[in-house]
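Shown below: query-v6.cif, with mmCIF, C-alpha atoms.
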data_upload
#
loop_
_atom_site.label_atom_id
_atom_site.label_comp_id
_atom_site.auth_asym_id
_atom_site.auth_seq_id
_atom_site.Cartn_x
_atom_site.Cartn_y
_atom_site.Cartn_z
CA MET A 1077 -90.96 48.53 35.95
CA ILE A 1078 -89.96 51.28 33.55
CA GLU A 1079 -87.78 50.54 30.54
CA LEU A 1080 -86.60 52.20 27.37
CA ILE A 1081 -85.14 49.47 25.22
CA SER A 1082 -83.89 48.90 21.73
CA GLU A 1083 -84.74 45.15 21.71
CA LYS A 1084 -88.20 43.74 21.12
CA ILE A 1085 -90.68 44.36 23.93
CA SER A 1086 -91.60 41.12 25.70
CA VAL A 1087 -95.23 41.00 26.82
CA ASP A 1088 -94.41 37.87 28.82
CA LYS A 1089 -91.85 39.78 30.82
CA ILE A 1090 -94.34 42.55 31.50
CA LEU A 1091 -97.04 40.15 32.64
CA ASN A 1092 -94.59 38.23 34.82
CA ASN A 1093 -93.68 41.52 36.40
CA LEU A 1094 -97.33 42.12 37.19
CA GLU A 1095 -97.92 38.79 38.91
CA ASP A 1096 -99.75 39.38 42.13
CA HIS A 1097 -102.44 37.49 44.01
CA SER A 1098 -104.26 40.51 45.39
CA THR A 1099 -105.30 42.15 42.13
CA GLY A 1100 -107.99 40.66 39.93
CA ALA A 1101 -107.76 42.95 36.93
CA VAL A 1102 -104.94 43.59 34.48
CA VAL A 1103 -105.22 45.98 31.55
CA LEU A 1104 -102.45 46.05 28.97
CA PHE A 1105 -102.08 48.59 26.19
CA LEU A 1106 -99.84 47.92 23.20
CA GLY A 1107 -98.98 50.48 20.56
CA ARG A 1108 -97.87 48.94 17.27
CA VAL A 1109 -96.35 50.29 14.09
CA ARG A 1110 -99.12 50.73 11.53
CA ASP A 1111 -98.74 50.33 7.80
CA HIS A 1112 -100.34 53.66 6.98
CA ALA A 1113 -100.55 57.23 8.21
CA ASN A 1114 -102.53 60.10 6.72
CA GLY A 1115 -103.30 58.01 3.67
CA ARG A 1116 -99.66 57.22 3.01
CA GLN A 1117 -98.12 53.77 3.13
CA VAL A 1118 -95.60 53.36 5.95
CA THR A 1119 -92.86 50.74 5.70
CA ARG A 1120 -90.99 51.18 9.00
CA MET A 1121 -90.81 53.53 11.97
CA ALA A 1122 -87.78 54.92 13.80
CA TYR A 1123 -88.06 56.03 17.44
CA GLU A 1124 -85.70 58.36 19.23
CA ALA A 1125 -85.86 59.17 22.94
CA TYR A 1126 -84.29 61.69 25.26
CA ALA A 1127 -83.58 58.76 27.52
CA GLU A 1128 -82.81 60.28 30.93
CA MET A 1129 -85.73 62.65 30.76
CA ALA A 1130 -88.11 60.07 29.28
CA HIS A 1131 -87.30 57.78 32.19
CA LYS A 1132 -87.98 60.54 34.67
CA LYS A 1133 -91.29 61.51 33.06
CA MET A 1134 -92.41 57.87 32.96
CA GLN A 1135 -91.56 57.57 36.65
CA GLU A 1136 -93.76 60.61 37.30
CA ILE A 1137 -96.61 58.95 35.41
CA GLU A 1138 -96.21 55.84 37.56
CA ASP A 1139 -96.30 57.97 40.73
CA GLU A 1140 -99.37 59.87 39.57
CA VAL A 1141 -101.20 56.70 38.53
CA LYS A 1142 -100.56 55.14 41.93
CA LYS A 1143 -101.78 58.29 43.65
CA ARG A 1144 -105.04 58.35 41.69
CA TRP A 1145 -105.97 54.67 41.52
CA PRO A 1146 -105.38 51.58 43.66
CA VAL A 1147 -102.77 50.31 41.22
CA GLN A 1148 -100.62 47.64 42.83
CA LYS A 1149 -98.32 47.17 39.88
CA ILE A 1150 -97.53 49.05 36.71
CA ALA A 1151 -95.11 48.33 33.89
CA MET A 1152 -94.20 50.81 31.16
CA MET A 1153 -91.88 50.01 28.29
CA HIS A 1154 -91.02 52.06 25.24
CA ARG A 1155 -88.87 50.88 22.42
CA THR A 1156 -86.33 52.95 20.49
CA GLY A 1157 -84.56 52.46 17.18
CA GLU A 1158 -85.88 51.00 13.95
CA LEU A 1159 -89.15 49.07 14.13
CA GLU A 1160 -90.83 46.89 11.53
CA LEU A 1161 -94.57 47.00 10.78
CA GLY A 1162 -96.65 45.40 13.51
CA GLU A 1163 -93.88 45.60 16.11
CA VAL A 1164 -94.75 46.96 19.53
CA SER A 1165 -93.41 50.45 20.20
CA VAL A 1166 -94.96 50.97 23.62
CA ALA A 1167 -96.51 48.72 26.27
CA ILE A 1168 -98.23 49.79 29.46
CA ALA A 1169 -99.83 47.37 31.89
CA VAL A 1170 -101.50 47.95 35.24
CA ALA A 1171 -102.86 45.60 37.88
CA CYS A 1172 -105.74 46.74 40.10
CA PRO A 1173 -108.24 45.09 42.41
CA HIS A 1174 -111.07 45.93 39.98
CA ARG A 1175 -111.33 46.36 36.25
CA LYS A 1176 -112.83 49.82 35.99
CA GLU A 1177 -109.84 51.35 37.76
CA ALA A 1178 -107.46 49.27 35.67
CA PHE A 1179 -108.91 50.61 32.42
CA GLN A 1180 -108.86 54.20 33.68
CA ALA A 1181 -105.32 53.98 35.01
CA CYS A 1182 -103.92 52.37 31.87
CA GLN A 1183 -105.61 54.87 29.59
CA PHE A 1184 -104.39 57.78 31.71
CA ALA A 1185 -100.85 56.41 31.58
CA ILE A 1186 -100.71 56.11 27.79
CA ASP A 1187 -102.49 59.43 27.25
CA THR A 1188 -100.02 61.16 29.58
CA LEU A 1189 -97.04 59.41 28.05
CA LYS A 1190 -98.02 60.83 24.69
CA GLU A 1191 -98.31 64.31 26.19
CA THR A 1192 -95.21 64.46 28.35
CA VAL A 1193 -92.55 61.88 27.52
CA PRO A 1194 -89.86 63.19 25.14
CA ILE A 1195 -89.81 60.62 22.36
CA TRP A 1196 -89.97 61.26 18.63
CA LYS A 1197 -90.78 59.06 15.69
CA LYS A 1198 -89.98 59.20 12.03
CA GLU A 1199 -92.07 57.41 9.45
CA GLN A 1200 -90.34 55.66 6.63
CA PHE A 1201 -92.18 55.50 3.32
CA VAL A 1202 -91.38 53.65 0.14
CA ASP A 1203 -90.05 56.90 -1.26
CA GLY A 1204 -88.75 58.86 1.71
CA GLU A 1205 -89.25 59.61 5.37
CA ALA A 1206 -90.76 62.24 7.63
CA TRP A 1207 -90.79 63.12 11.33
CA VAL A 1208 -94.29 62.66 12.69
CA GLU A 1209 -96.01 65.91 13.51
CA GLY A 1210 -96.06 65.88 17.27
CA THR A 1211 -97.69 67.44 20.29
CA VAL A 1212 -96.22 70.35 22.18
CA PRO A 1213 -95.51 68.67 25.52
CA ASP A 1214 -98.03 69.24 28.25
CA SER A 1215 -95.73 69.56 31.20
CA GLY A 1216 -98.68 70.01 33.55
CA ILE A 1217 -98.01 66.81 35.44
CA THR A 1218 -94.78 68.18 36.83
CA GLN A 1219 -95.63 71.79 37.59
CA MET B 288 -111.22 33.97 18.20
CA ILE B 289 -113.59 32.76 20.91
CA GLU B 290 -112.63 29.94 23.22
CA LEU B 291 -113.82 28.27 26.37
CA ILE B 292 -110.97 26.14 27.59
CA SER B 293 -109.91 24.13 30.58
CA GLU B 294 -106.16 24.59 29.97
CA LYS B 295 -104.20 27.70 30.89
CA ILE B 296 -104.98 30.75 28.79
CA SER B 297 -102.04 31.72 26.58
CA VAL B 298 -101.61 35.46 26.16
CA ASP B 299 -99.06 34.79 23.43
CA LYS B 300 -101.64 32.88 21.44
CA ILE B 301 -104.11 35.74 21.84
CA LEU B 302 -101.63 38.37 20.73
CA ASN B 303 -100.49 36.25 17.79
CA ASN B 304 -104.11 36.02 16.79
CA LEU B 305 -104.34 39.82 16.85
CA GLU B 306 -101.35 40.40 14.61
CA ASP B 307 -102.28 42.92 11.99
CA HIS B 308 -100.44 45.75 10.27
CA SER B 309 -103.37 48.12 9.94
CA THR B 310 -104.21 48.58 13.62
CA GLY B 311 -101.99 50.60 15.90
CA ALA B 312 -103.69 49.97 19.24
CA VAL B 313 -104.24 46.77 21.18
CA VAL B 314 -105.98 46.67 24.55
CA LEU B 315 -105.95 43.43 26.52
CA PHE B 316 -107.94 42.73 29.66
CA LEU B 317 -107.05 39.85 31.95
CA GLY B 318 -109.15 38.72 34.89
CA ARG B 319 -107.18 36.78 37.50
CA VAL B 320 -108.13 34.77 40.56
CA ARG B 321 -107.69 36.96 43.63
CA ASP B 322 -106.66 35.76 47.05
CA HIS B 323 -109.53 37.47 48.83
CA ALA B 324 -113.22 38.29 48.43
CA ASN B 325 -115.46 40.18 50.84
CA GLY B 326 -112.73 40.08 53.46
CA ARG B 327 -112.35 36.32 53.25
CA GLN B 328 -109.24 34.50 52.13
CA VAL B 329 -109.70 32.61 48.88
CA THR B 330 -107.50 29.62 48.04
CA ARG B 331 -108.80 28.57 44.63
CA MET B 332 -111.65 29.24 42.23
CA ALA B 333 -113.76 26.81 40.20
CA TYR B 334 -115.48 27.95 37.00
CA GLU B 335 -118.41 26.26 35.32
CA ALA B 336 -119.87 27.29 31.97
CA TYR B 337 -122.97 26.49 29.96
CA ALA B 338 -120.62 26.01 27.06
CA GLU B 339 -122.85 26.10 23.97
CA MET B 340 -124.71 29.15 25.16
CA ALA B 341 -121.60 30.90 26.50
CA HIS B 342 -120.03 30.52 23.06
CA LYS B 343 -123.10 31.95 21.41
CA LYS B 344 -123.27 34.93 23.78
CA MET B 345 -119.56 35.65 23.31
CA GLN B 346 -120.09 35.58 19.55
CA GLU B 347 -122.86 38.14 19.97
CA ILE B 348 -120.49 40.35 21.96
CA GLU B 349 -117.94 40.12 19.17
CA ASP B 350 -120.57 41.07 16.60
CA GLU B 351 -121.79 44.00 18.69
CA VAL B 352 -118.25 45.25 19.36
CA LYS B 353 -117.47 45.18 15.64
CA LYS B 354 -120.68 47.04 14.90
CA ARG B 355 -119.93 49.83 17.40
CA TRP B 356 -116.18 50.34 16.96
CA PRO B 357 -113.65 49.92 14.13
CA VAL B 358 -112.32 46.74 15.73
CA GLN B 359 -110.32 44.72 13.21
CA LYS B 360 -109.63 41.81 15.53
CA ILE B 361 -110.97 40.57 18.81
CA ALA B 362 -110.08 37.55 20.92
CA MET B 363 -112.12 36.33 23.88
CA MET B 364 -111.12 33.38 26.03
CA HIS B 365 -112.68 32.11 29.23
CA ARG B 366 -111.29 29.30 31.28
CA THR B 367 -113.29 26.63 33.08
CA GLY B 368 -112.44 24.16 35.83
CA GLU B 369 -110.24 24.62 38.88
CA LEU B 370 -107.94 27.66 38.90
CA GLU B 371 -105.11 28.54 41.26
CA LEU B 372 -104.56 32.01 42.69
CA GLY B 373 -103.22 34.47 40.12
CA GLU B 374 -104.28 32.35 37.15
CA VAL B 375 -106.12 34.04 34.32
CA SER B 376 -109.83 33.22 34.16
CA VAL B 377 -110.76 35.51 31.30
CA ALA B 378 -108.86 37.35 28.58
CA ILE B 379 -110.26 39.79 26.05
CA ALA B 380 -108.13 41.63 23.52
CA VAL B 381 -109.09 44.02 20.74
CA ALA B 382 -107.11 45.66 17.97
CA CYS B 383 -108.24 49.05 16.60
CA PRO B 384 -106.72 51.80 14.50
CA HIS B 385 -106.69 54.11 17.54
CA ARG B 386 -106.39 53.63 21.28
CA LYS B 387 -109.50 55.37 22.54
CA GLU B 388 -111.71 52.98 20.60
CA ALA B 389 -109.64 50.03 21.71
CA PHE B 390 -110.14 50.88 25.40
CA GLN B 391 -113.87 51.46 24.93
CA ALA B 392 -114.39 48.28 22.94
CA CYS B 393 -112.42 46.09 25.35
CA GLN B 394 -114.20 47.49 28.39
CA PHE B 395 -117.59 47.04 26.74
CA ALA B 396 -116.72 43.43 25.90
CA ILE B 397 -115.74 42.45 29.45
CA ASP B 398 -118.64 44.39 31.01
CA THR B 399 -121.09 42.67 28.67
CA LEU B 400 -119.51 39.27 29.20
CA LYS B 401 -120.13 39.64 32.91
CA GLU B 402 -123.75 40.59 32.26
CA THR B 403 -124.73 38.04 29.64
CA VAL B 404 -122.43 35.02 29.39
CA PRO B 405 -123.64 32.02 31.43
CA ILE B 406 -120.62 31.16 33.56
CA TRP B 407 -120.52 30.59 37.31
CA LYS B 408 -117.72 30.53 39.81
CA LYS B 409 -117.31 28.99 43.23
CA GLU B 410 -114.78 30.31 45.70
CA GLN B 411 -112.78 27.84 47.70
CA PHE B 412 -111.77 28.93 51.19
CA VAL B 413 -109.50 27.29 53.70
CA ASP B 414 -112.58 26.01 55.48
CA GLY B 415 -115.21 25.59 52.80
CA GLU B 416 -116.56 26.91 49.54
CA ALA B 417 -119.34 29.11 48.20
CA TRP B 418 -120.86 30.02 44.86
CA VAL B 419 -120.19 33.65 44.12
CA GLU B 420 -123.28 35.80 44.34
CA GLY B 421 -123.93 36.67 40.73
CA THR B 422 -125.79 39.03 38.47
CA VAL B 423 -129.18 38.28 36.98
CA PRO B 424 -128.26 38.14 33.29
CA ASP B 425 -128.98 41.21 31.26
CA SER B 426 -130.15 39.66 28.06
CA GLY B 427 -130.60 43.06 26.46
CA ILE B 428 -127.92 42.54 23.88
CA THR B 429 -129.95 39.83 22.19
CA GLN B 430 -133.47 41.13 22.40
CA MET C 323 -70.47 81.91 30.06
CA LYS C 324 -71.47 78.70 28.36
CA VAL C 325 -74.38 76.25 28.36
CA THR C 326 -74.58 72.91 26.61
CA LEU C 327 -77.37 72.56 24.10
CA ARG C 328 -78.81 69.11 23.44
CA LEU C 329 -80.80 68.48 20.29
CA PHE C 330 -83.33 65.78 19.47
CA GLY C 331 -85.36 64.47 16.58
CA GLN C 332 -85.78 66.80 13.67
CA LEU C 333 -83.68 69.52 15.32
CA ARG C 334 -80.80 67.08 15.79
CA GLU C 335 -81.02 66.15 12.11
CA LEU C 336 -81.10 69.75 10.96
CA ALA C 337 -78.14 70.65 13.16
CA GLU C 338 -76.28 67.52 12.09
CA CYS C 339 -75.12 67.16 15.70
CA ASP C 340 -76.74 66.23 18.98
CA GLU C 341 -74.87 68.64 21.22
CA ALA C 342 -73.44 72.14 20.92
CA GLU C 343 -71.91 74.67 23.26
CA ILE C 344 -73.55 78.06 23.25
CA GLU C 345 -71.99 81.24 24.59
CA ILE C 346 -74.52 83.34 26.52
CA LYS C 347 -74.55 86.52 28.54
CA GLU C 348 -75.30 86.59 32.27
CA GLY C 349 -79.06 86.72 32.84
CA THR C 350 -80.05 85.04 29.58
CA LYS C 351 -83.40 83.27 29.83
CA ILE C 352 -84.15 79.96 28.16
CA GLY C 353 -86.67 81.65 25.90
CA ASP C 354 -83.93 83.92 24.54
CA LEU C 355 -81.89 80.90 23.51
CA VAL C 356 -83.97 80.38 20.38
CA TRP C 357 -82.45 83.55 18.88
CA LEU C 358 -78.93 82.38 19.52
CA VAL C 359 -79.75 78.92 18.22
CA GLY C 360 -81.39 80.42 15.14
CA GLU C 361 -78.21 82.36 14.39
CA ARG C 362 -76.05 79.32 14.82
CA PHE C 363 -78.34 76.98 12.87
CA PRO C 364 -80.31 79.06 10.34
CA ASN C 365 -82.03 76.02 8.80
CA MET C 366 -83.65 75.35 12.20
CA ARG C 367 -85.42 78.69 12.44
CA GLN C 368 -88.87 77.74 11.21
CA HIS C 369 -88.95 74.87 13.73
CA LEU C 370 -88.03 76.94 16.76
CA LYS C 371 -91.51 78.42 17.20
CA VAL C 372 -92.99 75.25 18.64
CA VAL C 373 -90.02 74.04 20.61
CA SER C 374 -90.11 73.15 24.32
CA PHE C 375 -87.19 73.37 26.71
CA SER C 376 -85.72 71.28 29.44
CA ILE C 377 -82.99 71.79 31.99
CA ASP C 378 -81.54 68.88 33.91
CA ASN C 379 -84.01 66.40 32.47
CA ASP C 380 -87.19 68.28 33.21
CA TYR C 381 -89.34 70.80 31.42
CA ALA C 382 -88.39 74.40 32.11
CA SER C 383 -90.32 77.60 31.44
CA LYS C 384 -89.10 80.22 29.00
CA GLU C 385 -88.52 82.56 31.93
CA THR C 386 -85.92 80.37 33.58
CA VAL C 387 -82.58 82.20 33.84
CA LEU C 388 -79.68 80.09 32.65
CA ASN C 389 -76.61 79.33 34.74
CA GLU C 390 -73.08 78.47 33.71
CA GLY C 391 -72.83 74.85 32.68
CA ASN C 392 -76.57 74.18 32.37
CA GLU C 393 -77.53 71.39 30.04
CA VAL C 394 -80.42 72.74 28.02
CA SER C 395 -82.46 70.62 25.65
CA LEU C 396 -84.48 71.82 22.71
CA LEU C 397 -87.46 69.53 22.28
CA PRO C 398 -89.50 69.45 19.10
CA PRO C 399 -93.19 68.48 19.51
CA ILE C 400 -93.18 64.94 20.89
CA SER C 401 -94.65 61.92 19.11
CA GLY C 402 -93.91 58.89 21.26
CA GLY C 403 -96.19 55.92 21.77
CA MET D 1411 -145.41 16.04 26.97
CA LYS D 1412 -141.82 16.34 28.12
CA VAL D 1413 -139.07 18.91 28.18
CA THR D 1414 -135.46 18.42 29.19
CA LEU D 1415 -134.28 20.56 32.06
CA ARG D 1416 -130.59 21.50 32.24
CA LEU D 1417 -129.12 22.72 35.51
CA PHE D 1418 -125.99 24.73 36.21
CA GLY D 1419 -123.90 25.98 39.10
CA GLN D 1420 -125.58 25.98 42.44
CA LEU D 1421 -128.80 24.55 41.02
CA ARG D 1422 -126.91 21.63 39.54
CA GLU D 1423 -125.29 20.97 42.89
CA LEU D 1424 -128.58 21.14 44.78
CA ALA D 1425 -130.26 18.83 42.30
CA GLU D 1426 -127.28 16.48 42.30
CA CYS D 1427 -127.76 16.09 38.57
CA ASP D 1428 -127.26 18.28 35.52
CA GLU D 1429 -130.27 17.15 33.54
CA ALA D 1430 -133.79 16.04 34.28
CA GLU D 1431 -136.91 15.29 32.26
CA ILE D 1432 -139.98 17.20 33.30
CA GLU D 1433 -143.54 16.26 32.37
CA ILE D 1434 -145.59 19.33 31.44
CA LYS D 1435 -149.06 20.10 30.20
CA GLU D 1436 -149.74 21.61 26.79
CA GLY D 1437 -149.43 25.42 26.95
CA THR D 1438 -147.05 25.53 29.92
CA LYS D 1439 -144.92 28.66 29.96
CA ILE D 1440 -141.29 28.72 31.01
CA GLY D 1441 -142.17 30.87 34.01
CA ASP D 1442 -144.50 28.11 35.25
CA LEU D 1443 -141.65 25.62 35.22
CA VAL D 1444 -140.27 26.94 38.52
CA TRP D 1445 -143.29 25.46 40.33
CA LEU D 1446 -142.75 22.03 38.80
CA VAL D 1447 -139.03 22.24 39.50
CA GLY D 1448 -139.68 23.32 43.07
CA GLU D 1449 -141.88 20.27 43.58
CA ARG D 1450 -139.31 17.95 42.12
CA PHE D 1451 -136.34 19.55 43.94
CA PRO D 1452 -137.63 21.12 47.16
CA ASN D 1453 -134.16 22.19 48.34
CA MET D 1454 -133.90 24.42 45.26
CA ARG D 1455 -136.97 26.50 46.03
CA GLN D 1456 -135.34 29.50 47.67
CA HIS D 1457 -133.00 29.85 44.67
CA LEU D 1458 -135.71 29.79 42.02
CA LYS D 1459 -136.76 33.41 42.57
CA VAL D 1460 -133.74 34.85 40.80
CA VAL D 1461 -133.33 32.27 38.10
CA SER D 1462 -133.14 33.06 34.39
CA PHE D 1463 -134.20 30.75 31.59
CA SER D 1464 -132.90 29.69 28.26
CA ILE D 1465 -134.24 27.62 25.41
CA ASP D 1466 -131.97 26.33 22.67
CA ASN D 1467 -128.92 28.19 23.99
CA ASP D 1468 -130.45 31.62 24.28
CA TYR D 1469 -132.29 33.59 26.93
CA ALA D 1470 -136.03 33.15 26.85
CA SER D 1471 -138.75 35.19 28.52
CA LYS D 1472 -141.04 33.73 31.18
CA GLU D 1473 -143.93 34.00 28.76
CA THR D 1474 -142.46 31.64 26.22
CA VAL D 1475 -144.72 28.63 25.71
CA LEU D 1476 -142.86 25.33 25.86
CA ASN D 1477 -142.95 22.73 23.14
CA GLU D 1478 -142.41 18.98 23.27
CA GLY D 1479 -138.70 18.18 23.47
CA ASN D 1480 -137.49 21.70 24.32
CA GLU D 1481 -134.23 21.87 26.14
CA VAL D 1482 -134.78 24.39 28.92
CA SER D 1483 -131.99 25.66 31.14
CA LEU D 1484 -132.33 27.12 34.60
CA LEU D 1485 -129.60 29.69 35.08
CA PRO D 1486 -128.66 31.02 38.49
CA PRO D 1487 -127.28 34.60 38.58
CA ILE D 1488 -124.10 34.54 36.51
CA SER D 1489 -120.63 35.29 37.86
CA GLY D 1490 -118.16 34.73 35.04
CA GLY D 1491 -115.10 36.79 34.38
#

Let me see whether you can do it: turn the structure in this file into C-alpha cells.
Amino acid sequence: MIELISEKISVDKILNNLEDHSTGAVVLFLGRVRDHANGRQVTRMAYEAYAEMAHKKMQEIEDEVKKRWPVQKIAMMHRTGELELGEVSVAIAVACPHRKEAFQACQFAIDTLKETVPIWKKEQFVDGEAWVEGTVPDSGITQ
Amino acid sequence: MIELISEKISVDKILNNLEDHSTGAVVLFLGRVRDHANGRQVTRMAYEAYAEMAHKKMQEIEDEVKKRWPVQKIAMMHRTGELELGEVSVAIAVACPHRKEAFQACQFAIDTLKETVPIWKKEQFVDGEAWVEGTVPDSGITQ
Amino acid sequence: MKVTLRLFGQLRELAECDEAEIEIKEGTKIGDLVWLVGERFPNMRQHLKVVSFSIDNDYASKETVLNEGNEVSLLPPISGG
Amino acid sequence: MKVTLRLFGQLRELAECDEAEIEIKEGTKIGDLVWLVGERFPNMRQHLKVVSFSIDNDYASKETVLNEGNEVSLLPPISGG
C-alpha cells in the first residue's frame, strides 16, 4: 500500500493492511512534526509533493525492500498540505518473519524515501516561514 | 508506560501515550503470533509471565534505554494468556528527536526483553502443544 | 520546439507558477535548461545550482537530450519525511 | 528453615503447582536447591540443568545463600516476545 494523502494518516489502516498470519514481526516508523528546528520554534509544517513521481519512487522503494528482505507486506504513506505540531507526516510499516529484518527493511525504506522521493516541506514560525534545506536527491536506486 | 495485560494490546493507546511535540521520530515494534514454527503449523499461543519480576525487568529496560539514547517516551506492553494467530503479543514504541536513535533504542528494547524478561510461551498445534525452547536469561543488564 | 517545465517547492514559489513552456533549440540537453530558466526567472538563479531534473516522472541526467513535448521538472533539494 | 519456591512455565506444569515450601538447612545456596527440588519433583530433573533463579523478583546467582522466608523462583529458559 502506497499513498500520498492530504487527510490524517491512519495507523489503524496501515496495521490492518499488514495483517498476516505468516509474519511475526512488524516495525512501524512514524515521522511527526516537531515544535523546533535549528533552535527555532516551529508552529506548523507544510508539505508539497510531486505526486506522480513520488508515487513511482515509493513503488521502487517497495520493490527494492522486497528484493533485499523477506518482507511480506509493506505500507508507505506520506501526507501533504498543512500539518499541525505532532501530526504524522510519514508512516512506513513492514511485516517480516523475524524482527531483525523488519527493523533493517523499515529503516532502509525511510532512509531511501528521504533521499529519493520528491517531497518538500516548509516550516512555519511565529514570525515567518522557510523551506527546509533539503538533500540533493540520490537517484541511485533507479540507475 | 509498562503493562502486562491479558486483554488485546491497543496500538492507539500506545501511540496516544507517546504524543509529544518535541520528538520527530517514533518507532514501534509489534510481535505477532505466527501460524508456523520450525515447519509445524501453529494454531494458537499461550503466554505466561512472572508478573512482578517481568514488570521490574521491563522498567530496567526503560531506564537503560533512556540512559543510552535521547528517548523522550517509551511504551512497552506484553500480553499474557491465550492468543489467536496474528494477535499482538508484545509492543514496544519509542519517541526520539531523530529516527536513527529511535530504531536503535526500539531494537535494543525488544532484544533485551527477549533476553531478560521472565515470560514463557507454549505453542498449540492441531495435535498437541509444546513449550517454546527458550533462552537462558541474560541477566547482564542488572548486574 | 517546446518543452513543459514543472516547478516545485521554493522554485514554484519564486516563479509564482507551477508550469511554464520553454522554447528550446534541437539538441538542447537538460543541463542547459538552467540557463534558459535563469533568463526567464532571474530571481531563481541562485537556487539553480543545486537543482535536480526529471523527465516523465523519473530522475534524468544533465546529459539527456530533450525532445519536443517533454515534461521536465526542476526539483529543489528534497526534504520529505 | 523454609523458603517458598515459585514455579513457572514448564516447571509449573511438571510440578502441577505454582508454589511449594522447601525445608532447607542453614547456609544452603540457591544452586543447591536444584537437588532438593529434584528429590521433591523427580519428573523435573532433566529440566533443572538450564534453570535460572530469582530471589525477590530479580535474578540471583547460584552462590547466593538463602535466608528464612525467601521467595525463590525457578525460571526455565525464557521465550517472551

* Skip Leu1189 in chain A itself and residues of its chain fewer than 6 positions away, then list as JSON, numbers by chain all residues within 9 Å of it, counting only C-alpha atoms. => {"A": [1133, 1134, 1137], "C": [402, 403]}

* Asked: What residues come out when you apply the PyMOL selection byres ((chain D) within 9 of (chain B)) to this file, written as JSON, numbers by chain?
  -> {"D": [1418, 1419, 1420, 1460, 1461, 1462, 1464, 1466, 1467, 1468, 1469, 1470, 1485, 1486, 1487, 1488, 1489, 1490, 1491]}

Can you give me, as a short mmCIF file (atom, residue, chain, number, x, y, z; two decimals) with C-alpha atoms, keeping the file's coordinate frame, the residues this file yields under the PyMOL selection byres ((chain B) within 8 of (chain A))?
data_model
loop_
_atom_site.label_atom_id
_atom_site.label_comp_id
_atom_site.auth_asym_id
_atom_site.auth_seq_id
_atom_site.Cartn_x
_atom_site.Cartn_y
_atom_site.Cartn_z
CA ASP B 299 -99.06 34.79 23.43
CA GLU B 306 -101.35 40.40 14.61
CA ASP B 307 -102.28 42.92 11.99
CA HIS B 308 -100.44 45.75 10.27
CA SER B 309 -103.37 48.12 9.94
CA THR B 310 -104.21 48.58 13.62
CA GLY B 311 -101.99 50.60 15.90
CA ALA B 312 -103.69 49.97 19.24
CA VAL B 313 -104.24 46.77 21.18
CA VAL B 314 -105.98 46.67 24.55
CA LEU B 315 -105.95 43.43 26.52
CA PHE B 316 -107.94 42.73 29.66
CA LEU B 317 -107.05 39.85 31.95
CA GLY B 318 -109.15 38.72 34.89
CA ARG B 319 -107.18 36.78 37.50
CA VAL B 320 -108.13 34.77 40.56
CA ARG B 321 -107.69 36.96 43.63
CA ASP B 322 -106.66 35.76 47.05
CA HIS B 323 -109.53 37.47 48.83
CA LEU B 372 -104.56 32.01 42.69
CA GLY B 373 -103.22 34.47 40.12
CA PHE B 390 -110.14 50.88 25.40
CA GLN B 394 -114.20 47.49 28.39
#

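Pairwise distance (CA of Cys1427 in chain D, CA of Val1447 in chain D) equals 12.9 Å.
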
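Our summary of the geometry notes that CA of Lys384 in chain C is positioned 28.1 Å from CA of Val1141 in chain A.
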
* Asked: Can you tell me how far CA of Ile1085 in chain A sits from CA of Cys383 in chain B, in Å to one decimal?
  -> 19.6 Å

* **Residues in the PyMOL selection byres ((chain C and resi 387-396) around 8), expressed as a VMD selection string** => chain C and resid 323 to 330 333 348 to 352 373 to 378 385 to 386 397 to 398
